[in-house]
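Peer 1: My structure is stored as upload-v9.tsv, with TSV, C-alpha atoms.
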```tsv
chain	number	residue	atom	x	y	z
A	1	SER	CA	-1.32	-19.34	-2.42
A	2	GLN	CA	1.63	-17.14	-3.17
A	3	THR	CA	5.13	-17.73	-1.86
A	4	ILE	CA	8.43	-15.96	-2.29
A	5	HIS	CA	11.83	-17.60	-2.16
A	6	GLN	CA	15.30	-16.18	-1.84
A	7	TRP	CA	18.56	-17.94	-2.53
A	8	PRO	CA	20.98	-18.32	-0.85
A	9	ALA	CA	20.00	-17.75	2.77
A	10	THR	CA	23.51	-16.72	3.81
A	11	LEU	CA	26.61	-15.82	1.85
A	12	VAL	CA	30.17	-14.90	2.74
A	13	GLN	CA	32.13	-13.38	-0.11
A	14	PRO	CA	35.52	-11.68	-0.36
A	15	VAL	CA	35.88	-8.09	-1.47
A	16	GLY	CA	36.10	-7.83	-5.24
A	17	SER	CA	34.19	-11.04	-5.94
A	18	PRO	CA	30.96	-11.12	-7.97
A	19	LEU	CA	27.50	-11.51	-6.50
A	20	SER	CA	24.25	-13.06	-7.64
A	21	LEU	CA	21.20	-13.26	-5.39
A	22	GLU	CA	18.01	-14.78	-6.66
A	23	CYS	CA	14.39	-14.18	-5.80
A	24	THR	CA	11.44	-16.12	-7.19
A	25	VAL	CA	7.73	-15.72	-6.60
A	26	GLU	CA	5.13	-18.43	-7.02
A	27	GLY	CA	1.38	-18.29	-7.37
A	28	THR	CA	0.99	-14.90	-9.00
A	29	SER	CA	1.54	-13.28	-12.38
A	30	ASN	CA	3.27	-10.06	-13.30
A	31	PRO	CA	3.96	-8.94	-9.76
A	32	ASN	CA	5.83	-5.78	-8.90
A	33	LEU	CA	9.19	-6.85	-7.48
A	34	TYR	CA	11.53	-5.06	-5.11
A	35	TRP	CA	15.04	-5.42	-3.69
A	36	TYR	CA	15.78	-3.86	-0.30
A	37	ARG	CA	18.90	-3.78	1.83
A	38	GLN	CA	18.88	-3.67	5.59
A	39	ALA	CA	22.17	-2.67	7.18
A	40	ALA	CA	22.80	-3.88	10.73
A	41	GLY	CA	20.43	-2.14	13.15
A	42	ARG	CA	18.97	0.01	10.41
A	43	GLY	CA	15.77	0.31	8.47
A	44	LEU	CA	15.17	-0.83	4.92
A	45	GLN	CA	16.59	0.92	1.92
A	46	LEU	CA	14.88	0.35	-1.41
A	47	LEU	CA	17.47	-0.55	-4.03
A	48	PHE	CA	15.52	-1.57	-7.13
A	49	TYR	CA	11.99	-2.19	-8.26
A	50	SER	CA	10.52	-3.77	-11.34
A	51	VAL	CA	7.08	-3.63	-12.88
A	52	GLY	CA	7.75	-6.17	-15.61
A	53	ILE	CA	10.29	-8.31	-17.45
A	54	GLY	CA	13.34	-6.26	-18.29
A	55	GLN	CA	11.96	-3.16	-16.56
A	56	ILE	CA	14.19	-2.11	-13.69
A	57	SER	CA	14.25	1.16	-11.79
A	58	SER	CA	17.14	2.02	-9.51
A	59	GLU	CA	16.57	4.03	-6.38
A	60	VAL	CA	20.14	4.79	-5.42
A	61	PRO	CA	23.41	4.81	-7.33
A	62	GLN	CA	25.58	1.98	-6.11
A	63	ASN	CA	27.72	-0.99	-6.84
A	64	LEU	CA	24.75	-3.25	-7.52
A	65	SER	CA	22.48	-4.02	-10.45
A	66	ALA	CA	19.23	-5.93	-10.89
A	67	SER	CA	17.66	-7.93	-13.65
A	68	ARG	CA	14.31	-9.56	-14.28
A	69	PRO	CA	14.80	-12.25	-16.89
A	70	GLN	CA	11.44	-13.91	-16.23
A	71	ASP	CA	8.11	-12.71	-14.92
A	72	ARG	CA	8.60	-14.06	-11.42
A	73	GLN	CA	12.37	-13.99	-11.12
A	74	PHE	CA	14.37	-11.06	-9.81
A	75	ILE	CA	18.15	-11.13	-9.56
A	76	LEU	CA	20.50	-8.83	-7.68
A	77	SER	CA	24.08	-8.73	-8.94
A	78	SER	CA	27.42	-7.12	-8.52
A	79	LYS	CA	30.61	-7.44	-10.55
A	80	LYS	CA	32.88	-6.54	-7.63
A	81	LEU	CA	31.69	-6.53	-4.04
A	82	LEU	CA	32.67	-3.82	-1.56
A	83	LEU	CA	32.80	-4.14	2.23
A	84	SER	CA	29.90	-1.71	2.39
A	85	ASP	CA	27.71	-4.17	0.45
A	86	SER	CA	27.37	-6.31	3.57
A	87	GLY	CA	23.83	-6.48	4.87
A	88	PHE	CA	20.55	-8.32	4.83
A	89	TYR	CA	18.97	-8.31	1.38
A	90	LEU	CA	15.24	-8.66	1.14
A	91	CYS	CA	13.16	-9.29	-1.93
A	92	ALA	CA	9.50	-8.30	-1.92
A	93	TRP	CA	6.53	-8.55	-4.23
A	94	ARG	CA	3.25	-6.73	-4.63
A	95	PRO	CA	0.27	-7.92	-6.67
A	96	ILE	CA	-1.07	-5.79	-9.48
A	97	ALA	CA	-4.64	-6.97	-8.95
A	98	GLY	CA	-6.66	-7.62	-5.84
A	99	ARG	CA	-4.75	-6.65	-2.72
A	100	VAL	CA	-2.55	-4.17	-4.55
A	101	TYR	CA	-1.63	-2.31	-1.39
A	102	GLU	CA	-0.02	-5.31	0.26
A	103	GLN	CA	3.68	-5.93	-0.13
A	104	TYR	CA	5.15	-9.25	0.95
A	105	PHE	CA	8.74	-10.02	1.80
A	106	GLY	CA	10.95	-13.04	1.30
A	107	PRO	CA	13.07	-14.62	4.05
A	108	GLY	CA	16.14	-12.61	3.09
A	109	THR	CA	19.79	-13.27	2.28
A	110	ARG	CA	22.46	-12.30	4.77
A	111	LEU	CA	25.56	-11.19	2.88
A	112	THR	CA	28.90	-10.72	4.61
A	113	VAL	CA	31.70	-9.25	2.55
A	114	THR	CA	35.12	-9.97	4.06
B	1	GLY	CA	11.26	14.41	0.94
B	2	GLU	CA	9.75	11.34	2.48
B	3	ASP	CA	10.83	10.34	5.96
B	4	VAL	CA	9.49	7.96	8.58
B	5	GLU	CA	10.66	8.12	12.18
B	6	GLN	CA	10.20	5.71	15.06
B	7	SER	CA	11.60	5.33	18.53
B	8	LEU	CA	14.25	2.64	18.53
B	9	PHE	CA	13.42	0.63	21.59
B	10	LEU	CA	10.47	-0.31	23.79
B	11	SER	CA	10.42	-2.62	26.80
B	12	VAL	CA	7.17	-3.92	28.29
B	13	ARG	CA	6.08	-6.48	30.82
B	14	GLU	CA	4.30	-9.58	29.60
B	15	GLY	CA	0.54	-9.06	29.71
B	16	ASP	CA	0.75	-5.27	29.45
B	17	SER	CA	-0.13	-3.27	26.35
B	18	SER	CA	2.59	-2.05	24.01
B	19	VAL	CA	2.29	1.15	22.01
B	20	ILE	CA	4.73	1.77	19.19
B	21	ASN	CA	4.69	5.23	17.64
B	22	CYS	CA	5.66	6.51	14.22
B	23	THR	CA	5.64	9.83	12.41
B	24	TYR	CA	5.74	10.28	8.67
B	25	THR	CA	6.05	13.20	6.31
B	26	ASP	CA	4.25	12.42	3.06
B	27	SER	CA	0.76	13.82	3.51
B	28	SER	CA	-0.33	12.15	0.28
B	29	SER	CA	0.40	8.65	1.57
B	30	THR	CA	-2.51	6.42	0.71
B	31	TYR	CA	-1.72	3.56	3.07
B	32	LEU	CA	0.40	3.20	6.18
B	33	TYR	CA	1.79	-0.12	7.28
B	34	TRP	CA	3.13	-2.05	10.21
B	35	TYR	CA	5.56	-4.91	9.62
B	36	LYS	CA	7.11	-7.31	12.13
B	37	GLN	CA	10.60	-8.76	11.82
B	38	GLU	CA	11.74	-11.62	14.01
B	39	PRO	CA	15.48	-12.31	14.37
B	40	GLY	CA	17.08	-13.41	11.13
B	41	ALA	CA	13.80	-13.41	9.24
B	42	GLY	CA	12.09	-11.36	6.59
B	43	LEU	CA	9.35	-8.85	7.26
B	44	GLN	CA	5.83	-10.00	8.02
B	45	LEU	CA	2.97	-7.71	7.09
B	46	LEU	CA	0.97	-7.20	10.29
B	47	THR	CA	-1.62	-4.68	9.28
B	48	TYR	CA	-2.17	-1.53	7.32
B	49	ILE	CA	-4.58	1.37	7.38
B	50	PHE	CA	-6.04	3.49	4.63
B	51	SER	CA	-5.36	7.17	5.07
B	52	ASN	CA	-9.04	8.10	5.34
B	53	MET	CA	-9.43	5.91	8.44
B	54	ASP	CA	-8.71	6.88	12.03
B	55	MET	CA	-8.54	3.43	13.54
B	56	LYS	CA	-8.29	-0.19	12.57
B	57	GLN	CA	-8.54	-3.12	14.94
B	58	ASP	CA	-7.45	-6.67	14.24
B	59	GLN	CA	-7.57	-9.03	17.22
B	60	ARG	CA	-4.86	-7.80	19.63
B	61	LEU	CA	-3.66	-5.10	17.26
B	62	THR	CA	-5.06	-1.59	17.11
B	63	VAL	CA	-3.77	0.98	14.65
B	64	LEU	CA	-4.48	4.66	15.25
B	65	LEU	CA	-3.88	7.28	12.59
B	66	ASN	CA	-3.77	11.01	13.19
B	67	LYS	CA	-3.51	12.37	9.70
B	68	LYS	CA	-3.33	15.98	10.81
B	69	ASP	CA	-0.22	15.30	12.91
B	70	LYS	CA	1.04	12.56	10.53
B	71	HIS	CA	1.23	10.21	13.48
B	72	LEU	CA	0.65	6.47	13.41
B	73	SER	CA	0.64	4.09	16.33
B	74	LEU	CA	0.39	0.36	16.85
B	75	ARG	CA	-1.06	-0.94	20.08
B	76	ILE	CA	-0.56	-4.58	21.00
B	77	ALA	CA	-2.88	-5.73	23.75
B	78	ASP	CA	-1.83	-8.42	26.23
B	79	THR	CA	1.73	-8.45	24.93
B	80	GLN	CA	3.36	-11.87	24.88
B	81	THR	CA	6.98	-13.00	24.67
B	82	GLY	CA	6.29	-14.06	21.09
B	83	ASP	CA	5.66	-10.42	20.25
B	84	SER	CA	9.33	-9.63	20.86
B	85	ALA	CA	10.60	-8.43	17.48
B	86	ILE	CA	11.40	-5.31	15.49
B	87	TYR	CA	8.37	-3.41	14.27
B	88	PHE	CA	8.62	-1.26	11.17
B	89	CYS	CA	6.31	1.53	10.21
B	90	ALA	CA	6.06	2.36	6.49
B	91	GLU	CA	4.29	4.90	4.36
B	92	SER	CA	3.30	4.43	0.74
B	93	THR	CA	4.37	6.99	-1.77
B	94	LEU	CA	4.28	7.41	-5.51
B	95	SER	CA	7.58	7.78	-7.33
B	96	GLY	CA	7.77	7.97	-11.08
B	97	GLY	CA	4.20	6.70	-11.25
B	98	TYR	CA	4.98	3.63	-9.17
B	99	ASN	CA	4.02	2.80	-5.63
B	100	LYS	CA	6.83	2.25	-3.16
B	101	LEU	CA	7.13	2.02	0.60
B	102	ILE	CA	9.33	4.19	2.80
B	103	PHE	CA	10.31	2.45	6.03
B	104	GLY	CA	11.29	3.72	9.42
B	105	ALA	CA	14.37	2.37	11.18
B	106	GLY	CA	12.25	0.01	13.27
B	107	THR	CA	11.33	-0.23	16.95
B	108	ARG	CA	12.74	-3.14	18.88
B	109	LEU	CA	10.12	-4.46	21.28
B	110	ALA	CA	11.41	-6.46	24.24
B	111	VAL	CA	8.85	-8.33	26.35
B	112	HIS	CA	9.96	-9.42	29.79
B	113	PRO	CA	8.20	-11.54	32.40
```
Rewrite the structure from the file as structure tokens, please.

Peer 2:
Amino acid sequence: SQTIHQWPATLVQPVGSPLSLECTVEGTSNPNLYWYRQAAGRGLQLLFYSVGIGQISSEVPQNLSASRPQDRQFILSSKKLLLSDSGFYLCAWRPIAGRVYEQYFGPGTRLTVT
Amino acid sequence: GEDVEQSLFLSVREGDSSVINCTYTDSSSTYLYWYKQEPGAGLQLLTYIFSNMDMKQDQRLTVLLNKKDKHLSLRIADTQTGDSAIYFCAESTLSGGYNKLIFGAGTRLAVHP
């Protein structure tokens, strides 16, 4: 069966510090991968999606970047965090065969920028 | 542009039915989804409906789709305290040739005895 992991679960970082959040998927090949942010009491905002290694599309201009160094690894980064980067970051994956209309989410990383 | 709207809060008594409503704008959406988020957790896919269907039932969950009015609802029968969570409606849309989901802000369901 497929599983999705996110690391770390929680993070407190000062303004101006770098960021690296990791997402890995097991049990599937060449999934579509997504990064979302959920601000407190808000819906989900799609940040990035990837259809393959090294292929990243950005949905909104921002202080963040994403990379996909391996087929099932998706990384969200920042060189210098802003207060407004605080939120709940969710990684998601979607299969490219079979149940292609189902998108599954990881457990999330809660980021607090102080 | 794409937009999904939901009421923000719903309170029901345990054992009653809950109905969570959603409106969307993209008439070309192929699938519409309901996700559940418990406190501090990720989103759990509850169910989804293909746009050429009017209704889908899965145990206590019933999804109704009115494509003409772009209205989607989720009915939870015999609501339990474990159903307390935030429920997100989402529509699928194509952007740059890729499928993505547009989410509503979520409806917080509170179940009280």

Peer 1: Between CA of Gln103 (chain A) and CA of Ile102 (chain B), what is the distance in Å, rounded to a tenth?

Peer 2: 12.0 Å

Peer 1: With a cut-off of 7 Å and counting all atoms listed in the file, select all residues of chain B in contact with chain A and give the selection as a ChimeraX atom specification.

Peer 2: /B:41-45,103-106

Peer 1: Can you tell me how far CA of Ser51 (chain B) sits from CA of Asp16 (chain B), in Å to one decimal?

Peer 2: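 Interatomic distance, CA of Ser51 (chain B) to CA of Asp16 (chain B): 28.0 Å.
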
Peer 1: Rank nothing, just name the residue among A:Ala40, A:Val12, A:Cys23, A:Leu81 nearest to Ser67 (chain A), using only C-alpha atoms.

Peer 2: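 Once distances to Ser67 (chain A) are computed over only C-alpha atoms, the minimum belongs to A:Cys23.
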
Peer 1: When distances are computed from only C-alpha atoms, which of A:Ser29, A:Ser78, A:Gln62, A:Thr10 shows the smallest separation from Thr112 (chain A)?

Peer 2: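 Under the stated criterion, the closest residue is A:Thr10.
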
Peer 1: Please, which residues are within 8 Å of (-5.7, -10.2, 20.5) by the file's coordinates, counting all atoms listed in the file, and could they come as a list in words?

Peer 2: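 Residues close enough to count: Asp58, Gln59, Arg60, Leu61, Ile76, Ala77 and Asp78 of chain B.
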
Peer 1: To one decimal in Å, tell me the separation between CA of Ser11 (chain B) and CA of His112 (chain B).

Peer 2: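 Distance reported for this atom pair: 7.4 Å.
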
Peer 1: Can you tell me which residues surround Lys79 (chain A) at a distance of at most 7 Å, considering all atoms listed in the file, apart from same-chain residues fewer than 4 positions away, and format the answer as an MDAnalysis selection string?

Peer 2: chainID A and resid 17:19

Peer 1: So which residues are close to (10.7, 8.3, 4.9), meaning at most 9 Å away in the file's coordinates with all atoms listed in the file counted, and can you show them as an NGL selection string?

Peer 2: :B and (1-5 or 24-26 or 90-91 or 101-104)

Peer 1: For Thr24 (chain A), work out the shell of residues within 12 Å, counting all atoms listed in the file and skipping chain neighbours fewer than 6 positions away, then give it as an MDAnalysis selection string.

Peer 2: chainID A and resid 2:8 30:35 68:76 90:93 105:108

Peer 1: Could region 92-103 of chain A be completed with all heavy atoms and written as a PDB file, in the coordinates of the input, please?

Peer 2:
```
ATOM      1  N   ALA A  92      10.917  -8.439  -2.247  1.00  0.00           N
ATOM      2  CA  ALA A  92       9.500  -8.300  -1.920  1.00  0.00           C
ATOM      3  C   ALA A  92       8.698  -8.261  -3.206  1.00  0.00           C
ATOM      4  O   ALA A  92       9.214  -7.921  -4.275  1.00  0.00           O
ATOM      5  CB  ALA A  92       9.250  -7.037  -1.099  1.00  0.00           C
ATOM      6  N   TRP A  93       7.410  -8.618  -3.067  1.00  0.00           N
ATOM      7  CA  TRP A  93       6.530  -8.550  -4.230  1.00  0.00           C
ATOM      8  C   TRP A  93       5.203  -7.919  -3.838  1.00  0.00           C
ATOM      9  O   TRP A  93       4.805  -7.928  -2.675  1.00  0.00           O
ATOM     10  CB  TRP A  93       6.307  -9.931  -4.835  1.00  0.00           C
ATOM     11  CG  TRP A  93       5.436 -10.840  -4.016  1.00  0.00           C
ATOM     12  CD1 TRP A  93       5.805 -11.596  -2.951  1.00  0.00           C
ATOM     13  CD2 TRP A  93       4.035 -11.067  -4.211  1.00  0.00           C
ATOM     14  NE1 TRP A  93       4.730 -12.295  -2.467  1.00  0.00           N
ATOM     15  CE2 TRP A  93       3.626 -11.993  -3.217  1.00  0.00           C
ATOM     16  CE3 TRP A  93       3.087 -10.604  -5.135  1.00  0.00           C
ATOM     17  CZ2 TRP A  93       2.309 -12.447  -3.127  1.00  0.00           C
ATOM     18  CZ3 TRP A  93       1.779 -11.059  -5.028  1.00  0.00           C
ATOM     19  CH2 TRP A  93       1.401 -11.966  -4.031  1.00  0.00           C
ATOM     20  N   ARG A  94       4.565  -7.345  -4.841  1.00  0.00           N
ATOM     21  CA  ARG A  94       3.250  -6.730  -4.630  1.00  0.00           C
ATOM     22  C   ARG A  94       2.365  -7.118  -5.802  1.00  0.00           C
ATOM     23  O   ARG A  94       2.794  -7.021  -6.958  1.00  0.00           O
ATOM     24  CB  ARG A  94       3.394  -5.203  -4.539  1.00  0.00           C
ATOM     25  CG  ARG A  94       2.123  -4.476  -4.181  1.00  0.00           C
ATOM     26  CD  ARG A  94       2.422  -2.994  -3.952  1.00  0.00           C
ATOM     27  NE  ARG A  94       2.846  -2.319  -5.170  1.00  0.00           N
ATOM     28  CZ  ARG A  94       2.009  -1.799  -6.071  1.00  0.00           C
ATOM     29  NH1 ARG A  94       0.702  -1.899  -5.907  1.00  0.00           N
ATOM     30  NH2 ARG A  94       2.483  -1.173  -7.138  1.00  0.00           N
ATOM     31  N   PRO A  95       1.145  -7.545  -5.543  1.00  0.00           N
ATOM     32  CA  PRO A  95       0.270  -7.920  -6.670  1.00  0.00           C
ATOM     33  C   PRO A  95      -0.205  -6.692  -7.428  1.00  0.00           C
ATOM     34  O   PRO A  95      -0.269  -5.578  -6.884  1.00  0.00           O
ATOM     35  CB  PRO A  95      -0.905  -8.617  -5.962  1.00  0.00           C
ATOM     36  CG  PRO A  95      -0.914  -8.060  -4.579  1.00  0.00           C
ATOM     37  CD  PRO A  95       0.523  -7.778  -4.235  1.00  0.00           C
ATOM     38  N   ILE A  96      -0.548  -6.903  -8.677  1.00  0.00           N
ATOM     39  CA  ILE A  96      -1.070  -5.790  -9.480  1.00  0.00           C
ATOM     40  C   ILE A  96      -2.586  -5.844  -9.584  1.00  0.00           C
ATOM     41  O   ILE A  96      -3.200  -4.958 -10.177  1.00  0.00           O
ATOM     42  CB  ILE A  96      -0.456  -5.773 -10.891  1.00  0.00           C
ATOM     43  CG1 ILE A  96      -0.804  -7.067 -11.652  1.00  0.00           C
ATOM     44  CG2 ILE A  96       1.040  -5.563 -10.809  1.00  0.00           C
ATOM     45  CD1 ILE A  96      -0.534  -6.972 -13.127  1.00  0.00           C
ATOM     46  N   ALA A  97      -3.183  -6.870  -8.985  1.00  0.00           N
ATOM     47  CA  ALA A  97      -4.640  -6.970  -8.950  1.00  0.00           C
ATOM     48  C   ALA A  97      -5.038  -7.513  -7.591  1.00  0.00           C
ATOM     49  O   ALA A  97      -4.275  -8.212  -6.940  1.00  0.00           O
ATOM     50  CB  ALA A  97      -5.161  -7.876 -10.059  1.00  0.00           C
ATOM     51  N   GLY A  98      -6.234  -7.166  -7.152  1.00  0.00           N
ATOM     52  CA  GLY A  98      -6.660  -7.620  -5.840  1.00  0.00           C
ATOM     53  C   GLY A  98      -6.061  -6.753  -4.752  1.00  0.00           C
ATOM     54  O   GLY A  98      -6.252  -5.547  -4.729  1.00  0.00           O
ATOM     55  N   ARG A  99      -5.321  -7.361  -3.874  1.00  0.00           N
ATOM     56  CA  ARG A  99      -4.750  -6.650  -2.720  1.00  0.00           C
ATOM     57  C   ARG A  99      -3.486  -5.889  -3.140  1.00  0.00           C
ATOM     58  O   ARG A  99      -2.367  -6.203  -2.721  1.00  0.00           O
ATOM     59  CB  ARG A  99      -4.453  -7.622  -1.593  1.00  0.00           C
ATOM     60  CG  ARG A  99      -5.712  -8.297  -1.072  1.00  0.00           C
ATOM     61  CD  ARG A  99      -5.427  -9.163   0.124  1.00  0.00           C
ATOM     62  NE  ARG A  99      -6.659  -9.652   0.724  1.00  0.00           N
ATOM     63  CZ  ARG A  99      -6.731 -10.316   1.859  1.00  0.00           C
ATOM     64  NH1 ARG A  99      -5.639 -10.581   2.535  1.00  0.00           N
ATOM     65  NH2 ARG A  99      -7.891 -10.723   2.324  1.00  0.00           N
ATOM     66  N   VAL A 100      -3.685  -4.864  -3.941  1.00  0.00           N
ATOM     67  CA  VAL A 100      -2.550  -4.170  -4.550  1.00  0.00           C
ATOM     68  C   VAL A 100      -1.778  -3.316  -3.566  1.00  0.00           C
ATOM     69  O   VAL A 100      -0.716  -2.803  -3.895  1.00  0.00           O
ATOM     70  CB  VAL A 100      -3.010  -3.314  -5.734  1.00  0.00           C
ATOM     71  CG1 VAL A 100      -3.623  -4.195  -6.812  1.00  0.00           C
ATOM     72  CG2 VAL A 100      -3.997  -2.249  -5.275  1.00  0.00           C
ATOM     73  N   TYR A 101      -2.331  -3.126  -2.373  1.00  0.00           N
ATOM     74  CA  TYR A 101      -1.630  -2.310  -1.390  1.00  0.00           C
ATOM     75  C   TYR A 101      -0.830  -3.148  -0.411  1.00  0.00           C
ATOM     76  O   TYR A 101      -0.278  -2.620   0.544  1.00  0.00           O
ATOM     77  CB  TYR A 101      -2.629  -1.420  -0.664  1.00  0.00           C
ATOM     78  CG  TYR A 101      -3.266  -0.416  -1.593  1.00  0.00           C
ATOM     79  CD1 TYR A 101      -4.589  -0.559  -1.998  1.00  0.00           C
ATOM     80  CD2 TYR A 101      -2.530   0.650  -2.099  1.00  0.00           C
ATOM     81  CE1 TYR A 101      -5.160   0.351  -2.866  1.00  0.00           C
ATOM     82  CE2 TYR A 101      -3.097   1.559  -2.970  1.00  0.00           C
ATOM     83  CZ  TYR A 101      -4.403   1.407  -3.343  1.00  0.00           C
ATOM     84  OH  TYR A 101      -4.961   2.305  -4.209  1.00  0.00           O
ATOM     85  N   GLU A 102      -0.775  -4.440  -0.634  1.00  0.00           N
ATOM     86  CA  GLU A 102      -0.020  -5.310   0.260  1.00  0.00           C
ATOM     87  C   GLU A 102       1.296  -5.719  -0.387  1.00  0.00           C
ATOM     88  O   GLU A 102       1.324  -6.174  -1.519  1.00  0.00           O
ATOM     89  CB  GLU A 102      -0.860  -6.541   0.613  1.00  0.00           C
ATOM     90  CG  GLU A 102      -2.134  -6.180   1.348  1.00  0.00           C
ATOM     91  CD  GLU A 102      -2.954  -7.382   1.750  1.00  0.00           C
ATOM     92  OE1 GLU A 102      -2.505  -8.520   1.507  1.00  0.00           O
ATOM     93  OE2 GLU A 102      -4.051  -7.185   2.298  1.00  0.00           O
ATOM     94  N   GLN A 103       2.353  -5.556   0.341  1.00  0.00           N
ATOM     95  CA  GLN A 103       3.680  -5.930  -0.130  1.00  0.00           C
ATOM     96  C   GLN A 103       4.215  -7.010   0.800  1.00  0.00           C
ATOM     97  O   GLN A 103       4.206  -6.857   2.018  1.00  0.00           O
ATOM     98  CB  GLN A 103       4.607  -4.716  -0.130  1.00  0.00           C
ATOM     99  CG  GLN A 103       5.932  -4.959  -0.809  1.00  0.00           C
ATOM    100  CD  GLN A 103       6.723  -3.669  -0.982  1.00  0.00           C
ATOM    101  OE1 GLN A 103       7.803  -3.520  -0.463  1.00  0.00           O
ATOM    102  NE2 GLN A 103       6.187  -2.715  -1.724  1.00  0.00           N
TER     103      GLN A 103
END
```
